[in-house]
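Pasting input_30.tsv here (TSV, C-alpha atoms):
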```tsv
chain	number	residue	atom	x	y	z
M	1	MET	CA	93.98	101.33	57.91
M	2	THR	CA	94.82	105.02	57.79
M	3	LYS	CA	98.27	106.35	57.18
M	4	GLU	CA	100.31	107.10	60.29
M	5	LEU	CA	102.42	110.21	60.46
M	6	THR	CA	106.09	109.85	61.34
M	7	ARG	CA	108.07	112.90	62.41
M	8	PRO	CA	111.83	112.29	62.15
M	9	LEU	CA	114.05	114.16	64.57
M	10	PRO	CA	115.64	117.13	62.77
M	11	ARG	CA	119.44	117.44	62.72
M	12	THR	CA	119.11	120.50	64.92
M	13	TRP	CA	117.36	118.58	67.73
M	14	TRP	CA	120.16	119.45	70.16
M	15	LEU	CA	119.43	123.16	69.78
M	16	ARG	CA	115.84	122.74	70.98
M	17	LYS	CA	116.49	122.51	74.71
M	18	ALA	CA	119.30	123.64	77.02
M	19	PRO	CA	119.85	120.11	78.48
M	20	TYR	CA	120.25	118.68	74.96
M	21	PHE	CA	122.78	121.41	74.13
M	22	GLN	CA	124.68	120.76	77.36
M	23	PHE	CA	124.72	117.06	76.50
M	24	MET	CA	126.29	117.81	73.11
M	25	ILE	CA	128.91	120.06	74.73
M	26	ARG	CA	129.72	117.25	77.17
M	27	GLU	CA	130.15	114.78	74.32
M	28	LEU	CA	132.35	117.23	72.38
M	29	THR	CA	134.55	117.87	75.42
M	30	SER	CA	135.27	114.14	75.51
M	31	LEU	CA	137.00	114.61	72.13
M	32	VAL	CA	139.28	117.20	73.74
M	33	VAL	CA	140.10	114.76	76.55
M	34	PHE	CA	140.85	112.13	73.89
M	35	ALA	CA	143.03	114.55	71.90
M	36	TYR	CA	144.97	115.46	75.03
M	37	ALA	CA	145.55	111.79	75.79
M	38	LEU	CA	147.11	111.54	72.32
M	39	VAL	CA	149.40	114.50	73.14
M	40	LEU	CA	150.52	112.72	76.32
M	41	ILE	CA	151.17	109.50	74.41
M	42	TRP	CA	153.11	111.52	71.86
M	43	GLY	CA	155.17	112.97	74.75
M	44	LEU	CA	155.94	109.52	76.16
M	45	TRP	CA	156.85	108.26	72.70
M	46	SER	CA	159.14	111.25	72.11
M	47	ALA	CA	160.83	110.85	75.48
M	48	ALA	CA	162.57	107.79	74.06
M	49	GLY	CA	164.76	109.94	71.79
M	50	THR	CA	166.36	113.16	73.06
M	51	GLY	CA	166.10	115.03	69.76
M	52	ALA	CA	162.42	114.27	69.30
M	53	PHE	CA	161.68	115.26	72.90
M	54	SER	CA	163.28	118.69	72.52
M	55	GLY	CA	161.08	119.24	69.44
M	56	LEU	CA	158.01	118.35	71.51
M	57	HIS	CA	159.26	120.58	74.34
M	58	ASP	CA	159.60	123.51	71.92
M	59	PHE	CA	156.06	122.94	70.62
M	60	LEU	CA	154.60	122.70	74.14
M	61	SER	CA	156.34	125.95	75.11
M	62	SER	CA	154.97	127.92	72.15
M	63	PRO	CA	152.21	130.52	72.77
M	64	LEU	CA	149.83	128.54	70.53
M	65	SER	CA	150.35	125.45	72.67
M	66	VAL	CA	149.80	127.42	75.88
M	67	TRP	CA	146.49	128.73	74.50
M	68	LEU	CA	145.45	125.24	73.41
M	69	HIS	CA	146.27	123.95	76.88
M	70	ALA	CA	144.20	126.68	78.50
M	71	VAL	CA	141.19	125.85	76.30
M	72	ALA	CA	141.71	122.11	76.86
M	73	LEU	CA	141.87	122.66	80.62
M	74	VAL	CA	138.55	124.52	80.69
M	75	LEU	CA	136.83	121.87	78.55
M	76	ALA	CA	138.39	119.00	80.52
M	77	LEU	CA	137.19	120.59	83.78
M	78	TYR	CA	133.67	120.86	82.35
M	79	HIS	CA	133.86	117.20	81.33
M	80	THR	CA	135.09	116.26	84.81
M	81	GLY	CA	132.20	118.17	86.34
M	82	THR	CA	129.71	116.16	84.29
M	83	TRP	CA	131.37	112.92	85.44
M	84	ILE	CA	131.23	113.94	89.09
M	85	ALA	CA	127.57	114.87	88.65
M	86	LEU	CA	126.97	111.39	87.24
M	87	THR	CA	128.59	109.50	90.12
M	88	PRO	CA	125.51	109.41	92.42
M	89	LYS	CA	123.58	107.74	89.60
M	90	VAL	CA	126.01	104.82	89.55
M	91	ILE	CA	127.13	104.71	93.19
M	92	VAL	CA	123.89	104.22	95.07
M	93	LEU	CA	124.54	103.50	98.75
M	94	TRP	CA	122.02	102.63	101.44
M	95	ARG	CA	121.99	103.09	105.19
M	96	ASP	CA	119.32	100.52	106.09
M	97	ASP	CA	116.24	101.67	104.15
M	98	GLU	CA	117.51	105.22	103.58
M	99	GLN	CA	119.51	106.15	100.53
M	100	VAL	CA	122.73	108.05	101.17
M	101	ASP	CA	122.28	111.64	99.92
M	102	PRO	CA	123.34	111.78	96.22
M	103	ASP	CA	124.92	115.20	96.86
M	104	PHE	CA	127.15	113.59	99.48
M	105	ILE	CA	128.36	110.98	96.95
M	106	ALA	CA	129.05	113.69	94.36
M	107	GLY	CA	130.71	115.86	97.03
M	108	VAL	CA	133.07	113.07	98.13
M	109	ASN	CA	134.01	112.45	94.48
M	110	ALA	CA	134.60	116.18	93.93
M	111	ILE	CA	136.85	116.37	97.01
M	112	LEU	CA	138.75	113.25	95.87
M	113	PHE	CA	139.24	114.84	92.45
M	114	LEU	CA	140.54	118.07	93.98
M	115	VAL	CA	142.88	116.29	96.41
M	116	LEU	CA	144.32	113.99	93.73
M	117	SER	CA	144.68	116.86	91.23
M	118	GLY	CA	146.40	118.97	93.90
M	119	ALA	CA	148.76	116.10	94.77
M	120	LEU	CA	149.62	115.64	91.11
M	121	LEU	CA	150.20	119.36	90.67
M	122	TRP	CA	152.45	119.42	93.75
M	123	LEU	CA	154.40	116.43	92.37
M	124	VAL	CA	154.96	118.17	89.03
M	125	LEU	CA	155.74	121.66	90.35
M	126	ALA	CA	157.75	120.74	93.46
C	1	MET	CA	85.00	129.67	90.52
C	2	ASP	CA	87.92	131.85	89.47
C	3	VAL	CA	88.51	132.35	85.80
C	4	THR	CA	91.91	133.06	84.32
C	5	ASP	CA	92.69	135.22	81.29
C	6	PRO	CA	91.66	134.05	77.81
C	7	THR	CA	94.17	131.57	76.47
C	8	VAL	CA	94.91	130.31	72.99
C	9	LEU	CA	95.56	126.61	72.56
C	10	GLU	CA	97.50	125.80	69.41
C	11	VAL	CA	96.60	122.16	68.92
C	12	PHE	CA	98.32	119.75	66.52
C	13	ARG	CA	95.79	118.28	64.12
C	14	TYR	CA	96.34	115.30	61.86
C	15	LEU	CA	93.32	113.89	60.09
C	16	PRO	CA	94.64	111.27	57.67
C	17	ASP	CA	91.16	110.49	56.28
C	18	ALA	CA	90.58	114.06	55.15
C	19	GLU	CA	93.96	115.81	54.93
C	20	THR	CA	97.42	114.80	53.82
C	21	GLU	CA	99.47	117.16	56.00
C	22	PRO	CA	99.30	117.93	59.70
C	23	ARG	CA	98.49	121.47	60.85
C	24	PHE	CA	97.93	123.50	63.99
C	25	GLN	CA	94.46	124.67	64.96
C	26	ARG	CA	93.82	127.63	67.25
C	27	TYR	CA	91.22	127.36	69.98
C	28	GLU	CA	90.48	130.41	72.10
C	29	ILE	CA	89.28	129.44	75.54
C	30	THR	CA	88.72	131.06	78.90
C	31	PRO	CA	90.00	128.46	81.32
C	32	GLN	CA	89.01	128.26	84.97
C	33	GLU	CA	91.70	128.67	87.61
C	34	THR	CA	91.64	124.95	88.39
C	35	TRP	CA	91.89	123.70	84.83
C	36	VAL	CA	94.66	121.42	83.69
C	37	VAL	CA	95.46	121.12	79.98
C	38	LEU	CA	93.34	117.97	79.78
C	39	ASP	CA	90.32	119.91	81.10
C	40	ALA	CA	90.81	122.45	78.31
C	41	LEU	CA	90.98	119.69	75.69
C	42	ASN	CA	87.84	118.07	77.09
C	43	HIS	CA	86.13	121.47	77.04
C	44	ILE	CA	87.09	121.93	73.38
C	45	LYS	CA	85.87	118.44	72.47
C	46	ALA	CA	82.56	118.88	74.32
C	47	GLU	CA	81.78	122.49	73.45
C	48	VAL	CA	83.79	123.60	70.43
C	49	ASP	CA	85.10	120.85	68.15
C	50	PRO	CA	84.04	117.22	68.65
C	51	SER	CA	86.43	116.08	65.91
C	52	LEU	CA	89.49	116.55	68.15
C	53	SER	CA	91.02	113.21	69.21
C	54	PHE	CA	93.18	112.50	72.26
C	55	ARG	CA	93.64	109.80	74.87
C	56	TRP	CA	92.83	110.09	78.53
C	57	SER	CA	91.37	108.01	81.30
C	58	CYS	CA	91.96	108.51	85.02
C	59	ARG	CA	92.60	112.30	85.24
C	60	MET	CA	94.83	111.79	88.28
C	61	GLY	CA	98.30	110.88	87.04
C	62	ILE	CA	97.89	107.14	87.47
C	63	CYS	CA	96.92	105.63	84.11
C	64	GLY	CA	99.60	107.31	81.99
C	65	SER	CA	97.27	107.80	79.01
C	66	CYS	CA	97.24	111.56	78.56
C	67	GLY	CA	100.91	112.24	77.81
C	68	MET	CA	101.38	115.03	75.24
C	69	MET	CA	103.90	117.71	74.36
C	70	VAL	CA	102.91	120.94	76.10
C	71	ASN	CA	104.96	123.86	74.80
C	72	GLY	CA	107.50	121.32	73.56
C	73	GLU	CA	107.82	119.42	76.85
C	74	PRO	CA	106.47	115.91	77.47
C	75	LYS	CA	103.78	116.24	80.15
C	76	LEU	CA	100.89	114.37	81.67
C	77	THR	CA	98.16	116.81	80.66
C	78	CYS	CA	96.01	115.81	83.63
C	79	GLU	CA	98.51	117.34	86.04
C	80	THR	CA	99.69	120.29	83.96
C	81	PHE	CA	97.88	123.42	85.12
C	82	ILE	CA	97.15	126.12	82.54
C	83	ARG	CA	97.65	128.80	85.19
C	84	ASP	CA	101.33	127.79	85.44
C	85	TYR	CA	101.96	128.98	81.87
C	86	GLU	CA	102.58	132.68	81.55
C	87	THR	CA	102.45	132.61	77.76
C	88	GLU	CA	99.19	133.58	76.09
C	89	THR	CA	99.50	130.65	73.70
C	90	ILE	CA	100.01	127.05	74.75
C	91	THR	CA	101.05	124.54	72.11
C	92	ILE	CA	99.76	120.98	72.37
C	93	GLU	CA	101.31	118.24	70.24
C	94	PRO	CA	101.35	114.44	70.34
C	95	LEU	CA	104.31	112.82	72.10
C	96	THR	CA	107.36	113.09	69.88
C	97	HIS	CA	109.27	110.06	68.53
C	98	PHE	CA	106.08	108.02	68.08
C	99	PRO	CA	103.99	107.65	64.91
C	100	VAL	CA	100.81	109.73	65.03
C	101	ILE	CA	97.55	107.92	64.32
C	102	ARG	CA	95.29	110.96	64.54
C	103	ASP	CA	95.56	114.42	66.15
C	104	LEU	CA	97.13	113.85	69.58
C	105	VAL	CA	96.87	110.05	69.51
C	106	ILE	CA	100.13	108.18	69.02
C	107	ASN	CA	100.81	104.56	68.15
C	108	MET	CA	102.38	103.00	71.25
C	109	ALA	CA	102.82	99.50	69.75
C	110	ASP	CA	106.63	99.76	69.70
C	111	PHE	CA	106.75	100.45	73.44
C	112	MET	CA	104.22	97.72	74.23
C	113	GLU	CA	106.32	95.21	72.28
C	114	LYS	CA	109.54	96.22	74.03
C	115	LEU	CA	108.18	96.16	77.56
C	116	PRO	CA	107.90	92.36	77.97
C	117	THR	CA	111.29	91.71	76.33
C	118	VAL	CA	113.09	92.66	79.58
C	119	SER	CA	111.09	90.00	81.49
C	120	PRO	CA	109.59	92.49	83.95
C	121	TRP	CA	108.49	89.92	86.48
C	122	LEU	CA	110.10	88.02	89.36
C	123	ILE	CA	112.34	85.16	88.25
C	124	PRO	CA	113.34	83.25	91.39
C	125	GLU	CA	116.08	80.65	90.91
C	126	GLU	CA	114.02	78.07	92.72
C	127	GLY	CA	110.31	78.62	93.17
C	128	LYS	CA	108.70	77.39	96.34
C	129	PRO	CA	105.28	75.84	96.89
C	130	ILE	CA	102.46	78.19	97.90
C	131	GLU	CA	102.09	76.43	101.27
C	132	GLU	CA	105.59	77.67	102.24
C	133	GLY	CA	104.21	81.18	102.28
C	134	GLU	CA	105.22	84.54	100.90
C	135	TYR	CA	108.62	85.70	99.76
C	136	LEU	CA	109.31	88.07	102.64
C	137	GLN	CA	111.34	91.28	102.38
C	138	THR	CA	112.69	93.80	104.85
C	139	PRO	CA	111.81	97.50	104.41
C	140	ALA	CA	115.47	98.05	103.36
C	141	GLN	CA	115.11	95.45	100.58
C	142	VAL	CA	111.89	97.09	99.36
C	143	ALA	CA	113.51	100.54	99.43
C	144	GLN	CA	116.23	99.39	97.01
C	145	TYR	CA	113.85	98.99	94.07
C	146	GLN	CA	110.74	100.90	95.08
C	147	ARG	CA	111.37	104.10	93.09
C	148	PHE	CA	111.93	102.05	89.92
C	149	SER	CA	108.61	100.28	90.44
C	150	LEU	CA	106.50	103.43	90.19
C	151	CYS	CA	106.45	103.60	86.37
C	152	ILE	CA	102.98	104.12	84.86
C	153	ASN	CA	104.06	103.47	81.23
C	154	CYS	CA	103.18	107.01	80.15
C	155	MET	CA	106.09	107.08	77.66
C	156	LEU	CA	107.10	110.66	78.47
C	157	CYS	CA	110.66	109.37	78.93
C	158	TYR	CA	110.71	107.96	75.37
C	159	SER	CA	109.54	111.32	74.10
C	160	ALA	CA	112.31	113.12	75.98
C	161	CYS	CA	115.03	110.71	74.82
C	162	PRO	CA	116.84	111.85	71.65
C	163	VAL	CA	118.55	108.46	71.43
C	164	TYR	CA	115.15	106.81	70.95
C	165	GLY	CA	114.16	109.62	68.59
C	166	LEU	CA	117.19	108.95	66.42
C	167	ASP	CA	117.08	105.16	66.65
C	168	SER	CA	113.78	103.58	67.62
C	169	SER	CA	115.44	100.16	68.02
C	170	PHE	CA	116.70	101.41	71.44
C	171	THR	CA	114.93	99.44	74.16
C	172	GLY	CA	114.38	102.74	75.93
C	173	PRO	CA	114.26	104.25	79.42
C	174	ALA	CA	111.07	102.81	80.94
C	175	ALA	CA	111.67	99.21	79.86
C	176	LEU	CA	115.30	99.25	81.03
C	177	ALA	CA	114.35	100.86	84.35
C	178	LEU	CA	111.93	98.02	84.86
C	179	ALA	CA	114.73	95.50	84.18
C	180	GLU	CA	116.76	97.15	86.97
C	181	ARG	CA	113.70	97.20	89.23
C	182	TYR	CA	113.58	93.38	89.08
C	183	ASN	CA	117.36	92.82	88.98
C	184	ILE	CA	117.80	94.50	92.37
C	185	ASP	CA	114.75	92.87	93.95
C	186	SER	CA	115.95	90.46	96.65
C	187	ARG	CA	113.38	87.88	95.49
C	188	ASP	CA	114.70	87.85	91.92
C	189	ASP	CA	117.51	85.85	90.34
C	190	GLY	CA	116.80	86.77	86.71
C	191	MET	CA	119.65	89.18	86.01
C	192	ARG	CA	121.45	86.83	83.64
C	193	GLN	CA	118.21	85.84	81.92
C	194	ARG	CA	117.65	89.52	81.13
C	195	ALA	CA	121.23	90.02	79.95
C	196	ASP	CA	120.60	89.18	76.28
C	197	VAL	CA	118.12	92.04	75.91
C	198	VAL	CA	119.53	94.48	78.45
C	199	THR	CA	123.17	94.29	77.29
C	200	ALA	CA	122.39	94.07	73.58
C	201	HIS	CA	123.53	96.95	71.38
C	202	GLU	CA	119.97	98.30	71.48
C	203	GLY	CA	119.96	98.02	75.28
C	204	ILE	CA	121.92	99.89	77.94
C	205	TRP	CA	125.00	100.63	75.80
C	206	GLU	CA	122.89	102.65	73.37
C	207	CYS	CA	122.12	105.11	76.20
C	208	THR	CA	124.46	108.10	76.14
C	209	TYR	CA	123.05	109.56	79.35
C	210	VAL	CA	121.29	112.65	78.15
C	211	GLY	CA	119.30	112.37	81.38
C	212	GLU	CA	116.09	114.02	80.23
C	213	CYS	CA	114.07	110.82	80.79
C	214	THR	CA	114.56	111.33	84.51
C	215	GLN	CA	113.72	115.02	84.35
C	216	VAL	CA	110.33	114.51	82.66
C	217	CYS	CA	109.23	111.42	84.62
C	218	PRO	CA	106.03	112.35	86.50
C	219	LYS	CA	106.61	109.58	89.04
C	220	GLY	CA	110.26	110.20	89.95
C	221	VAL	CA	111.38	106.84	88.56
C	222	ASP	CA	114.85	108.00	87.41
C	223	PRO	CA	115.32	105.76	84.35
C	224	ALA	CA	118.67	107.43	83.58
C	225	GLY	CA	119.99	106.35	86.97
C	226	ALA	CA	118.59	102.84	86.52
C	227	ILE	CA	120.38	102.46	83.18
C	228	GLN	CA	123.71	103.63	84.64
C	229	MET	CA	123.26	101.13	87.51
C	230	LEU	CA	122.57	98.40	84.94
C	231	LYS	CA	125.75	99.32	83.08
C	232	LEU	CA	127.78	98.98	86.28
C	233	SER	CA	126.19	95.73	87.46
C	234	TYR	CA	126.49	93.99	84.08
C	235	ALA	CA	130.08	95.26	83.62
C	236	LEU	CA	130.99	93.91	87.08
C	237	ASP	CA	129.24	90.62	86.30
C	238	TRP	CA	131.25	90.35	83.09
C	239	ALA	CA	134.50	91.21	84.92
C	240	ARG	CA	133.76	88.55	87.55
C	241	SER	CA	133.14	85.98	84.83
C	242	VAL	CA	136.56	86.77	83.31
C	243	ILE	CA	138.65	87.11	86.48
C	244	LEU	CA	137.22	84.64	88.96
C	245	PRO	CA	137.71	80.89	88.57
C	246	LYS	CA	134.66	78.82	87.72
C	247	GLY	CA	132.53	78.06	90.73
C	248	HIS	CA	133.04	81.53	92.27
C	249	ARG	CA	131.30	83.59	89.63
C	250	SER	CA	127.83	84.08	91.01
```
Please rewrite the model in this file as structure tokens.
Amino acid sequence: MTKELTRPLPRTWWLRKAPYFQFMIRELTSLVVFAYALVLIWGLWSAAGTGAFSGLHDFLSSPLSVWLHAVALVLALYHTGTWIALTPKVIVLWRDDEQVDPDFIAGVNAILFLVLSGALLWLVLA
Amino acid sequence: MDVTDPTVLEVFRYLPDAETEPRFQRYEITPQETWVVLDALNHIKAEVDPSLSFRWSCRMGICGSCGMMVNGEPKLTCETFIRDYETETITIEPLTHFPVIRDLVINMADFMEKLPTVSPWLIPEEGKPIEEGEYLQTPAQVAQYQRFSLCINCMLCYSACPVYGLDSSFTGPAALALAERYNIDSRDDGMRQRADVVTAHEGIWECTYVGECTQVCPKGVDPAGAIQMLKLSYALDWARSVILPKGHRS
């Protein structure tokens, strides 16, 4: 029997194609979402003691924090976009023997996201 | 017959009997307007270099034998027209992520072993005697699974999947899509019988949804979608088994 050739995937495989790169960006943005969840938990934890909460408030008001929030918002929105794009893959609806348009499913999810985000924003700012 | 401009085919060569390392070999050809990549390879084998090895059979996108990397993309070479490439050089390689036996011929044993593990056949809870007739379906019931049933086992999806490339224990797109094809068939009750393989670590949870399997599929099967549907249905089945009292879980 002759020797077979194996060709392991190089570490830079995700630089080979745009969709692979976009996939890696999506995965990395999930870390930002995770990190922001930790910040929120930290905020809830701090709210228990007045002194600790004012320290958190000072940090959140700092220019560095505002910049971090802006970057986190952009990355979280990208991550959300990838989730909404995924929804028609999971939610497959049928009208008799015709599949409901995947764009319609994604569109409804996008509208739901916008409405809920707007409601939340109104609740916080009002 | 129209003739297109001269084209260079950079073809991956691996001749383990004679050479230790793979290499690329240049073939200058003048393809006809109607030629697909497979026609060019057959021309080279017949007229230029009979030592070149590659698989093919039907020439019409049905048998799934002639999958290769064309300019880095997994393609069925029988339906990939040379005229669609604007580059002067076209690179032909064997499908990635599989061991290469010789030139453009890969070893597909891993895929062939995985395919039957998802029990890709109808498993009715209670069979019925032949004299009771067929298992009838409505057009709506057929439509549910039809797109997942069009797989021709060409393995382009495995070549496009970096998860399989990094960890070949992954059951993979085509086999899992076939599991979903039977799970959602109204005549089938085998979802739980397939659970051991489908929900194993090497099964659906290994998929990180890169989505390229769906993009390269020449038959529009959408394995990425099938795997996400499997994740949802098995997660719901698990949730039902935890929440609902016994006797209401099916």
Using all atoms listed in the file, find each residue of chain M with at least one atom at most 8 Å away from an atom of chain C; report its shortest atom-to-atom pair and that distance in Å (one decimal), sort the rows by chain and rising residue number, and return the result as a Markdown table.
```
| residue | atom | partner | partner_atom | distance |
| --- | --- | --- | --- | --- |
| M:Thr2 | CA | C:Pro16 | CA | 6.3 |
| M:Lys3 | CA | C:Pro16 | CA | 6.1 |
| M:Glu4 | CA | C:Ile101 | CA | 5.0 |
| M:Leu5 | CA | C:Val100 | CA | 4.9 |
| M:Thr6 | CA | C:Pro99 | CA | 4.7 |
| M:Arg7 | CA | C:His97 | CA | 6.9 |
| M:Pro8 | CA | C:His97 | CA | 7.2 |
| M:Leu9 | CA | C:Gly165 | CA | 6.1 |
| M:Trp13 | CA | C:Pro162 | CA | 7.8 |
| M:Pro19 | CA | C:Glu212 | CA | 7.4 |
| M:Tyr20 | CA | C:Val210 | CA | 6.9 |
| M:Phe23 | CA | C:Val210 | CA | 5.8 |
| M:Lys89 | CA | C:Gly225 | CA | 4.7 |
| M:Val90 | CA | C:Met229 | CA | 5.0 |
| M:Ile91 | CA | C:Met229 | CA | 7.7 |
| M:Trp94 | CA | C:Gln144 | CA | 8.0 |
| M:Asp96 | CA | C:Ala140 | CA | 5.3 |
| M:Asp97 | CA | C:Ala140 | CA | 3.8 |
| M:Glu98 | CA | C:Ala143 | CA | 7.4 |
```
Could you write out the selected residues, including C-alpha atoms, as a compact mmCIF listing (two decimals), in the frame of the given file?
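Below is the file out_37.txt, written as the result:
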```txt
# COMPACT_ATOMS: atom_id res chain seq x y z
CA THR M 2 94.82 105.02 57.79
CA LYS M 3 98.27 106.35 57.18
CA GLU M 4 100.31 107.10 60.29
CA LEU M 5 102.42 110.21 60.46
CA THR M 6 106.09 109.85 61.34
CA ARG M 7 108.07 112.90 62.41
CA PRO M 8 111.83 112.29 62.15
CA LEU M 9 114.05 114.16 64.57
CA TRP M 13 117.36 118.58 67.73
CA PRO M 19 119.85 120.11 78.48
CA TYR M 20 120.25 118.68 74.96
CA PHE M 23 124.72 117.06 76.50
CA LYS M 89 123.58 107.74 89.60
CA VAL M 90 126.01 104.82 89.55
CA ILE M 91 127.13 104.71 93.19
CA TRP M 94 122.02 102.63 101.44
CA ASP M 96 119.32 100.52 106.09
CA ASP M 97 116.24 101.67 104.15
CA GLU M 98 117.51 105.22 103.58
```
* What does the distance between atom CA of Ala40 of chain C and atom CA of Ile92 of chain C come to in Å, to one decimal place? -> 10.8 Å
With a distance cut-off of 12 Å and all atoms listed in the file, select the neighbouring residues of segment 28-32 of chain M, excluding the residue or stretch itself and same-chain residues fewer than 5 positions from it, and output the selection as a PDB file with C-alpha atoms, keeping the file's coordinate frame.
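That gives us selection_29.pdb:
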```
ATOM      1  CA  PHE M  21     122.780 121.410  74.130  1.00  0.00           C
ATOM      2  CA  GLN M  22     124.680 120.760  77.360  1.00  0.00           C
ATOM      3  CA  PHE M  23     124.720 117.060  76.500  1.00  0.00           C
ATOM      4  CA  ALA M  37     145.550 111.790  75.790  1.00  0.00           C
ATOM      5  CA  LEU M  38     147.110 111.540  72.320  1.00  0.00           C
ATOM      6  CA  VAL M  39     149.400 114.500  73.140  1.00  0.00           C
ATOM      7  CA  LEU M  68     145.450 125.240  73.410  1.00  0.00           C
ATOM      8  CA  HIS M  69     146.270 123.950  76.880  1.00  0.00           C
ATOM      9  CA  ALA M  70     144.200 126.680  78.500  1.00  0.00           C
ATOM     10  CA  VAL M  71     141.190 125.850  76.300  1.00  0.00           C
ATOM     11  CA  ALA M  72     141.710 122.110  76.860  1.00  0.00           C
ATOM     12  CA  LEU M  73     141.870 122.660  80.620  1.00  0.00           C
ATOM     13  CA  VAL M  74     138.550 124.520  80.690  1.00  0.00           C
ATOM     14  CA  LEU M  75     136.830 121.870  78.550  1.00  0.00           C
ATOM     15  CA  ALA M  76     138.390 119.000  80.520  1.00  0.00           C
ATOM     16  CA  LEU M  77     137.190 120.590  83.780  1.00  0.00           C
ATOM     17  CA  TYR M  78     133.670 120.860  82.350  1.00  0.00           C
ATOM     18  CA  HIS M  79     133.860 117.200  81.330  1.00  0.00           C
ATOM     19  CA  THR M  80     135.090 116.260  84.810  1.00  0.00           C
ATOM     20  CA  GLY M  81     132.200 118.170  86.340  1.00  0.00           C
ATOM     21  CA  THR M  82     129.710 116.160  84.290  1.00  0.00           C
ATOM     22  CA  TRP M  83     131.370 112.920  85.440  1.00  0.00           C
TER      23      TRP M  83
END
```
* So how far away is atom CA of Val8 of chain C from atom CA of Tyr27 of chain C, in Å? ->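 Rounded to one decimal, the two atoms are 5.6 Å apart.
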* Would you list the residues near (97.8, 132.8, 72.6), meaning any protein, DNA or RNA residue with an atom at most 9 Å from that point in file coordinates, counting all atoms listed in the file, as a VMD selection string? => chain C and resid 6 to 10 26 to 28 87 to 91
